[in-house]
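To start, the structure itself, in structure tokens.
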2 protein chains.
Amino acid sequence: MLYQGKNYRSVWVNERKLFIIDQNALPYEFKILELENIQQVFAAIQKMKIRGAPAIGAVAALGYALAISRSKDSQLSENINRYYKLLLASRLTAVDLKNGLDAVKWAIENESDPKVIKTAALQAAEKFVENSVLECQSIGRYGNQLITEGCRILTHCNAGALATVDYGTALAPMREAHYCGKKIFVYVDETRPRLQGMRLTAWELAQEGIDHAIIVDNAAGYYMQQGKIDLVITGADRIAANGDIANKIGTYSKAVLAKENGIPFYIAAPFSTFDRKLQSGKDIPIEERSPDEVLKYNEMELSSGLSTAYNPAFDVTPAKYITGYITPAGIFNSKDFYKLWEMNIREQSSRQS
Amino acid sequence: MLYQGKNYRSVWVNERKLFIIDQNALPYEFKILELENIQQVFAAIQKMKIRGAPAIGAVAALGYALAISRSKDSQLSENINRYYKLLLASRLTAVDLKNGLDAVKWAIENESDPKVIKTAALQAAEKFVENSVLECQSIGRYGNQLITEGCRILTHCNAGALATVDYGTALAPMREAHYCGKKIFVYVDETRPRLQGMRLTAWELAQEGIDHAIIVDNAAGYYMQQGKIDLVITGADRIAANGDIANKIGTYSKAVLAKENGIPFYIAAPFSTFDRKLQSGKDIPIEERSPDEVLKYNEMELSSGLSTAYNPAFDVTPAKYITGYITPAGIFNSKDFYKLWEMNIREQSSRQS
């Protein structure tokens with residue numbers, strides 16, 4: 001992603017050190033953090049210094065592999081299990097977290113030589129991350145086919161380069177359309193309580209020079225009703241086998257409003273976000289976060305202090321509200337997911353060979 | 001309304017001085033402001049120190065009448081027109097503003113004696129305000145019939161005592177149910193950008209001891225989908241003859257979500273909010289407020305400063321999403337509005353006689 005004209009990723013490794021862009025500091029400050037050990041990786045995910053389903057998957061894979069590579073040989077097999085369990089508990093809803101950890105674990109499960117394990121873990125993590133970037137670029141190319149000249153697009157939360165390793169999921173088609181010279185306009189839901197739209201998506205779009213305006217979450221329905229939104233694209237944190245998706249709280253509301261107003265509603269996601277084993281969205285665990293995220297902003301009290309708040313971080317959008325899924329293998333509807341599984345398996349095996 | 005166990009109104013006159021509770025200071029500070037002249041009344045409405053359709057109507061009527069009563073006799077007829085135009089331009093969407101001013105103007109339009117004009121203006125304003133309180137109490141009694149024991153109610157923005165003179169419109173049935181000993185629970189939409197739900201509604205409910213929780217606007221759909229909301233009640237800023245209503249931005253979204261989830265959606269409003277002359281909601285003017293209301297909070301920058309924001313203050317909810325209208329004359333649907341006009345006319349003439 002661009003920052004002041006220079007390219008960055010949301011997470012990367014340099015000389016066996018793990019770095020992230022601190023997403024809690026944005027947009028006030030562009031701050032690079034080193035995560036020195038597994039506890040710091042855990043805390044960075046939990047405190048949302050790095051967030052977004054694919055980015056969580058990537059930092060988990062890299063952090064897990066680096067911790068394994070630093071482990072004493074005598075504690076290696078114990079640590080492989082311990083670190084896995086620790087990181088898996090850092091967030092609840094995004095399945096990419098588990099998929100990132102599994103990519104590393106599966107690569108080493110039949111190995112016994114500590115040296116081989118450490119090398120294989122790092123290679124598997126790096127491959128998971130590079131795949132993620134390629135997949136996002138592919139999502140961009142397929143999604144771009146939906147975007148016409150002058151298209152006005154609504155997006156919710158941040159499913160941009162920051163939420164992935166680079167390029168984004170929901171924002172990838174917008175980047176691609178912009179690079180192709182199409183004139184587009186993006187309505188950015190501010191996305192309370194944590195304002196990822198206001199703080200992160202608007203920041204990414206401004207850095208790219210893509211025309212946009214921030215709106216409160218309450219105003220999305222108004223602009224749909226006014227005929228000012230042609231297309232909605234959001235990311236997802238988990239996609240069940242029947243096409244139900246979990247994503248940032250408020251996604252369900254936008255999907256219902258889009259359907260009511262005849263506006264196509266697309267989900268953009270890499271393979272790591274699909275959870276084939278989950279029958280439906282009803283089974284997706286929803287993380288409830290602290291009331292303080294609603295009641296305070298940067299330590300400033302917003303309410304009287306006499307009231308509590310409820311703070312579900314995600315909601316589930318049933319498949320019936322979703323026009324299609326923009327994936328690295330093309331645009332699908334939920335009835336055709338079986339084709340996606342076949343292509344993904346072929347894709348994975350061709351990359352592994 | 002209660003504050004620390006003592007009763008207040010949102011606006012009142014004492015010894016010919018006009019006072020309001022400063023709603024921009026809440027919930028941090030309970031501050032009483034004197035509005036000393038017509039310019040201060042204008043500024044208080046425009047800057048939303050006093051807001052809520054019926055409260056705007058009341059402060060406009062009182063401020064207008066007091067300014068007339070203080071006017072030099074030689075400038076009286078000029079000022080009657082000048083003050084009217086000035087205050088009418090202070091806000092755009094709520095029709096109560098015009099109705100409050102008209103109540104005063106119509107009472108004096110056939111008078112020529114300055115002394116009679118001044119007395120009649122004050123009497124008309126006081127009557128408008130007292131009617132408003134009675135109407136809200138009546139709304140409370142009728143609306144209470146919709147509320148069952150254990151009822152879980154969602155409300156948007158603040159349509160409480162602060163938004164009226166006392167008692168509220170949407171909050172009146174909840175107050176009444178609470179006074180009758182019913183156990184209820186209120187989900188309070190925080191209502192971005194100005195957080196009237198978080199700052200004002202939650203504060204009123206806390207003062208009354210009514211059980212509630214604040215949620216972000218994004219979460220209302222989630223709780224509806226989860227079957228945790230039994231009833232939605234909001235206020236309105238203007239009701240057209242066909243039953244379309246304008247209310248705080250986000251109301252339309254909640255109405256669509258309520259319909260999708262089979263939850264009854266009611267509007268509570270006094271007679272002053274009805275605009276019989278307006279055929280439909282399409283003709284209601286929507287106020288666009290400053291982007292800073294979205295991009296800043298209490299002077300604190302929320303975005304990067306590189307993006308703009310759009311800030312429509314209201315939206316229009318078509319009648320088809322509205323289950324019924326809780327009025328001072330009972331609960332109606334839009335097809336029966338003609339009965340309401342008849343009852344209102346009878347009511348008004350009986351009060352005037």
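Just so we're on the same page: first chain in the structure tokens is A, next is B, and so on; residues restart at 1 for each chain, and ligands are numbered from 1 in the order they show up.
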Show me a table, sorted first by chain and then by increasing residue number, of the residues of chain A having an atom at most 8 Å from chain B, each with its shortest atom pair and the distance in Å to one decimal, counting only C-alpha atoms and written as CSV.
```
residue,atom,partner,partner_atom,distance
A:Leu26,CA,B:Ser304,CA,7.8
A:Pro27,CA,B:Ser304,CA,4.9
A:Tyr28,CA,B:Ser304,CA,6.2
A:Thr191,CA,B:Asn218,CA,7.6
A:Arg192,CA,B:Val216,CA,6.3
A:Pro193,CA,B:Val216,CA,6.4
A:Met198,CA,B:Ser303,CA,5.7
A:Arg199,CA,B:Ser303,CA,5.3
A:Ala202,CA,B:Ser307,CA,6.5
A:Trp203,CA,B:Ser304,CA,6.3
A:Ala206,CA,B:Leu306,CA,6.3
A:His212,CA,B:Ser307,CA,7.3
A:Ala213,CA,B:Ala309,CA,4.9
A:Ile214,CA,B:Ala309,CA,4.4
A:Ile215,CA,B:Tyr310,CA,5.6
A:Val216,CA,B:Arg192,CA,6.3
A:Asp217,CA,B:Asn218,CA,6.6
A:Asn218,CA,B:Gly250,CA,4.1
A:Ala219,CA,B:Gly250,CA,6.0
A:Gly221,CA,B:Ser253,CA,5.5
A:Tyr222,CA,B:Asp315,CA,6.1
A:Ile249,CA,B:Asn218,CA,5.8
A:Gly250,CA,B:Asn218,CA,4.0
A:Thr251,CA,B:Asn218,CA,7.8
A:Tyr252,CA,B:Gly221,CA,6.9
A:Ser253,CA,B:Gly221,CA,5.5
A:Val256,CA,B:Leu257,CA,6.9
A:Leu257,CA,B:Ser253,CA,6.9
A:Glu260,CA,B:Val256,CA,7.8
A:Val294,CA,B:Val216,CA,6.9
A:Leu302,CA,B:Arg199,CA,7.1
A:Ser303,CA,B:Arg199,CA,5.3
A:Ser304,CA,B:Pro27,CA,4.9
A:Leu306,CA,B:Ala206,CA,6.3
A:Ser307,CA,B:Ala213,CA,6.4
A:Thr308,CA,B:Ala213,CA,5.3
A:Ala309,CA,B:Ile214,CA,4.4
A:Tyr310,CA,B:Ile215,CA,5.6
A:Asn311,CA,B:Ile215,CA,6.7
A:Pro312,CA,B:Ala219,CA,7.2
A:Asp315,CA,B:Tyr222,CA,6.1
A:Val316,CA,B:Tyr222,CA,7.9
```
*atom CA of Met174 of chain A and atom CA of Ala53 of chain A are how many Å apart?*
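So the answer is 18.8 Å.
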*All strand (DSSP E) positions in segment 61-275 of chain B, as a PyMOL selection string*: chain B and resi 152-155+185-189+212-215+231-234+238-240+245-248+265-268+274-275
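Distances to Leu134 of chain B were evaluated for B:Phe271, B:Trp106, B:Tyr338, B:Tyr325 using only C-alpha atoms, and the minimum falls at B:Phe271.
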*What is the atom CA of Tyr167 of chain A-atom CA of Ile233 of chain A distance in Å, reported with one decimal?*
14.6 Å
_Non-local contacts of segment 118-127 of chain A (7 Å; only C-alpha atoms; under 4 positions in same chain excluded) as a ChimeraX atom specification_ = /A:61-62,65-66,68-69,103-104,107-108,114,131
Those residues you just picked out, can you put them in a file as a PDB file, in the first residue's frame with N, CA, C and O atoms?
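Once everything was written out, this is out-v3.pdb:
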```pdb
ATOM      1  N   ALA A  61       0.583 -16.484  11.284  1.00  0.00           N
ATOM      2  CA  ALA A  61       1.467 -17.461  10.638  1.00  0.00           C
ATOM      3  C   ALA A  61       2.930 -17.059  10.839  1.00  0.00           C
ATOM      4  O   ALA A  61       3.761 -17.870  11.263  1.00  0.00           O
ATOM      5  N   LEU A  62       3.239 -15.794  10.564  1.00  0.00           N
ATOM      6  CA  LEU A  62       4.624 -15.329  10.687  1.00  0.00           C
ATOM      7  C   LEU A  62       5.091 -15.338  12.138  1.00  0.00           C
ATOM      8  O   LEU A  62       6.208 -15.781  12.446  1.00  0.00           O
ATOM      9  N   ALA A  65       5.595 -18.971  13.274  1.00  0.00           N
ATOM     10  CA  ALA A  65       6.794 -19.588  12.688  1.00  0.00           C
ATOM     11  C   ALA A  65       8.077 -19.006  13.291  1.00  0.00           C
ATOM     12  O   ALA A  65       9.029 -19.740  13.594  1.00  0.00           O
ATOM     13  N   LEU A  66       8.101 -17.695  13.485  1.00  0.00           N
ATOM     14  CA  LEU A  66       9.301 -17.069  14.062  1.00  0.00           C
ATOM     15  C   LEU A  66       9.519 -17.538  15.499  1.00  0.00           C
ATOM     16  O   LEU A  66      10.653 -17.793  15.921  1.00  0.00           O
ATOM     17  N   ILE A  68       8.563 -20.384  16.735  1.00  0.00           N
ATOM     18  CA  ILE A  68       9.061 -21.767  16.631  1.00  0.00           C
ATOM     19  C   ILE A  68      10.555 -21.757  16.303  1.00  0.00           C
ATOM     20  O   ILE A  68      11.348 -22.489  16.903  1.00  0.00           O
ATOM     21  N   SER A  69      10.937 -20.879  15.366  1.00  0.00           N
ATOM     22  CA  SER A  69      12.343 -20.862  14.932  1.00  0.00           C
ATOM     23  C   SER A  69      13.276 -20.397  16.047  1.00  0.00           C
ATOM     24  O   SER A  69      14.462 -20.700  16.036  1.00  0.00           O
ATOM     25  N   ALA A 103      -1.522 -23.553   8.425  1.00  0.00           N
ATOM     26  CA  ALA A 103      -0.587 -23.617   7.292  1.00  0.00           C
ATOM     27  C   ALA A 103       0.819 -23.939   7.795  1.00  0.00           C
ATOM     28  O   ALA A 103       1.556 -24.717   7.178  1.00  0.00           O
ATOM     29  N   VAL A 104       1.167 -23.349   8.928  1.00  0.00           N
ATOM     30  CA  VAL A 104       2.479 -23.606   9.513  1.00  0.00           C
ATOM     31  C   VAL A 104       2.511 -24.993  10.165  1.00  0.00           C
ATOM     32  O   VAL A 104       3.425 -25.793   9.931  1.00  0.00           O
ATOM     33  N   ALA A 107       2.646 -27.989   7.868  1.00  0.00           N
ATOM     34  CA  ALA A 107       3.909 -28.121   7.125  1.00  0.00           C
ATOM     35  C   ALA A 107       4.986 -28.837   7.947  1.00  0.00           C
ATOM     36  O   ALA A 107       5.961 -29.339   7.386  1.00  0.00           O
ATOM     37  N   ILE A 108       4.782 -28.867   9.270  1.00  0.00           N
ATOM     38  CA  ILE A 108       5.844 -29.426  10.121  1.00  0.00           C
ATOM     39  C   ILE A 108       5.397 -30.666  10.884  1.00  0.00           C
ATOM     40  O   ILE A 108       6.185 -31.267  11.619  1.00  0.00           O
ATOM     41  N   PRO A 114      14.635 -30.798  14.497  1.00  0.00           N
ATOM     42  CA  PRO A 114      14.361 -29.401  14.864  1.00  0.00           C
ATOM     43  C   PRO A 114      14.770 -28.405  13.773  1.00  0.00           C
ATOM     44  O   PRO A 114      14.046 -27.434  13.523  1.00  0.00           O
ATOM     45  N   ASN A 131       0.981 -16.014  -0.879  1.00  0.00           N
ATOM     46  CA  ASN A 131      -0.299 -16.441  -1.469  1.00  0.00           C
ATOM     47  C   ASN A 131      -1.384 -15.414  -1.216  1.00  0.00           C
ATOM     48  O   ASN A 131      -2.195 -15.117  -2.078  1.00  0.00           O
TER      49      ASN A 131
END
```
*Any chance you could list, as a ChimeraX atom specification, the residues in segment 24-112 of chain B that come up helix (DSSP H, G or I) when DSSP is run on the backbone?*
/B:38-46,53-70,73-88,96-108
_as a VMD selection string, please: the residues near segment 39-45 of chain B (cut-off 12 Å, only C-alpha atoms, same-chain neighbours under 3 positions excluded)._
chain B and resid 11 17 to 24 33 to 36 48 to 67 82 to 92 94 97 163
Would you save the residues of that selection, restricted to C-alpha atoms, as a PDB file, in the first residue's frame?
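Below is the file that was written, result-v3.pdb:
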```
ATOM      1  CA  VAL B  11     -37.343  25.161  28.086  1.00  0.00           C
ATOM      2  CA  LYS B  17     -36.818  35.440  31.053  1.00  0.00           C
ATOM      3  CA  LEU B  18     -36.312  32.463  28.735  1.00  0.00           C
ATOM      4  CA  PHE B  19     -34.257  29.502  29.971  1.00  0.00           C
ATOM      5  CA  ILE B  20     -33.132  26.251  28.387  1.00  0.00           C
ATOM      6  CA  ILE B  21     -31.045  23.267  29.419  1.00  0.00           C
ATOM      7  CA  ASP B  22     -27.915  23.361  27.233  1.00  0.00           C
ATOM      8  CA  GLN B  23     -28.088  20.031  25.387  1.00  0.00           C
ATOM      9  CA  ASN B  24     -24.590  20.427  23.965  1.00  0.00           C
ATOM     10  CA  LEU B  33     -28.743  28.984  29.803  1.00  0.00           C
ATOM     11  CA  GLU B  34     -30.703  32.212  29.584  1.00  0.00           C
ATOM     12  CA  LEU B  35     -31.553  33.264  26.021  1.00  0.00           C
ATOM     13  CA  GLU B  36     -31.673  37.048  26.293  1.00  0.00           C
ATOM     14  CA  MET B  48     -28.510  22.607  18.672  1.00  0.00           C
ATOM     15  CA  LYS B  49     -28.182  23.773  22.274  1.00  0.00           C
ATOM     16  CA  ILE B  50     -31.874  22.998  22.125  1.00  0.00           C
ATOM     17  CA  ARG B  51     -33.006  20.365  19.605  1.00  0.00           C
ATOM     18  CA  GLY B  52     -35.804  17.900  18.984  1.00  0.00           C
ATOM     19  CA  ALA B  53     -38.750  18.948  16.861  1.00  0.00           C
ATOM     20  CA  PRO B  54     -41.285  19.766  19.636  1.00  0.00           C
ATOM     21  CA  ALA B  55     -38.648  21.537  21.774  1.00  0.00           C
ATOM     22  CA  ILE B  56     -37.634  23.659  18.786  1.00  0.00           C
ATOM     23  CA  GLY B  57     -41.301  24.572  18.300  1.00  0.00           C
ATOM     24  CA  ALA B  58     -41.627  25.528  21.964  1.00  0.00           C
ATOM     25  CA  VAL B  59     -38.466  27.619  22.241  1.00  0.00           C
ATOM     26  CA  ALA B  60     -39.299  29.339  18.942  1.00  0.00           C
ATOM     27  CA  ALA B  61     -42.821  30.223  20.136  1.00  0.00           C
ATOM     28  CA  LEU B  62     -41.582  31.509  23.507  1.00  0.00           C
ATOM     29  CA  GLY B  63     -38.556  33.313  22.074  1.00  0.00           C
ATOM     30  CA  TYR B  64     -40.664  34.912  19.356  1.00  0.00           C
ATOM     31  CA  ALA B  65     -43.355  36.050  21.791  1.00  0.00           C
ATOM     32  CA  LEU B  66     -40.846  37.436  24.302  1.00  0.00           C
ATOM     33  CA  ALA B  67     -39.004  39.335  21.560  1.00  0.00           C
ATOM     34  CA  ARG B  82     -38.527  40.083  10.863  1.00  0.00           C
ATOM     35  CA  TYR B  83     -38.332  37.807  13.929  1.00  0.00           C
ATOM     36  CA  TYR B  84     -40.629  35.283  12.273  1.00  0.00           C
ATOM     37  CA  LYS B  85     -38.409  35.013   9.201  1.00  0.00           C
ATOM     38  CA  LEU B  86     -35.227  34.896  11.274  1.00  0.00           C
ATOM     39  CA  LEU B  87     -36.316  32.030  13.509  1.00  0.00           C
ATOM     40  CA  LEU B  88     -37.927  30.103  10.655  1.00  0.00           C
ATOM     41  CA  ALA B  89     -34.498  29.943   8.978  1.00  0.00           C
ATOM     42  CA  SER B  90     -32.747  28.486  12.041  1.00  0.00           C
ATOM     43  CA  ARG B  91     -33.457  24.830  11.131  1.00  0.00           C
ATOM     44  CA  LEU B  92     -34.860  23.279   7.980  1.00  0.00           C
ATOM     45  CA  ALA B  94     -38.751  20.064  11.655  1.00  0.00           C
ATOM     46  CA  LEU B  97     -40.655  25.275  14.275  1.00  0.00           C
ATOM     47  CA  ALA B 163     -36.500  16.946  22.709  1.00  0.00           C
TER      48      ALA B 163
END
```
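Considering only C-alpha atoms, the residue among A:Pro264, A:His156, A:Asp189, A:Gln137 positioned nearest to Arg175 of chain A is A:Gln137.
We find atom CA of Asn261 of chain B and atom CA of Ala319 of chain A to be spaced 15.8 Å apart.
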*Near segment 330-335 of chain A, within 6 Å and counting only C-alpha atoms, which residues show up once chain neighbours fewer than 5 positions away are dropped, as a PyMOL selection string?*
chain A and resi 142+243+324-325
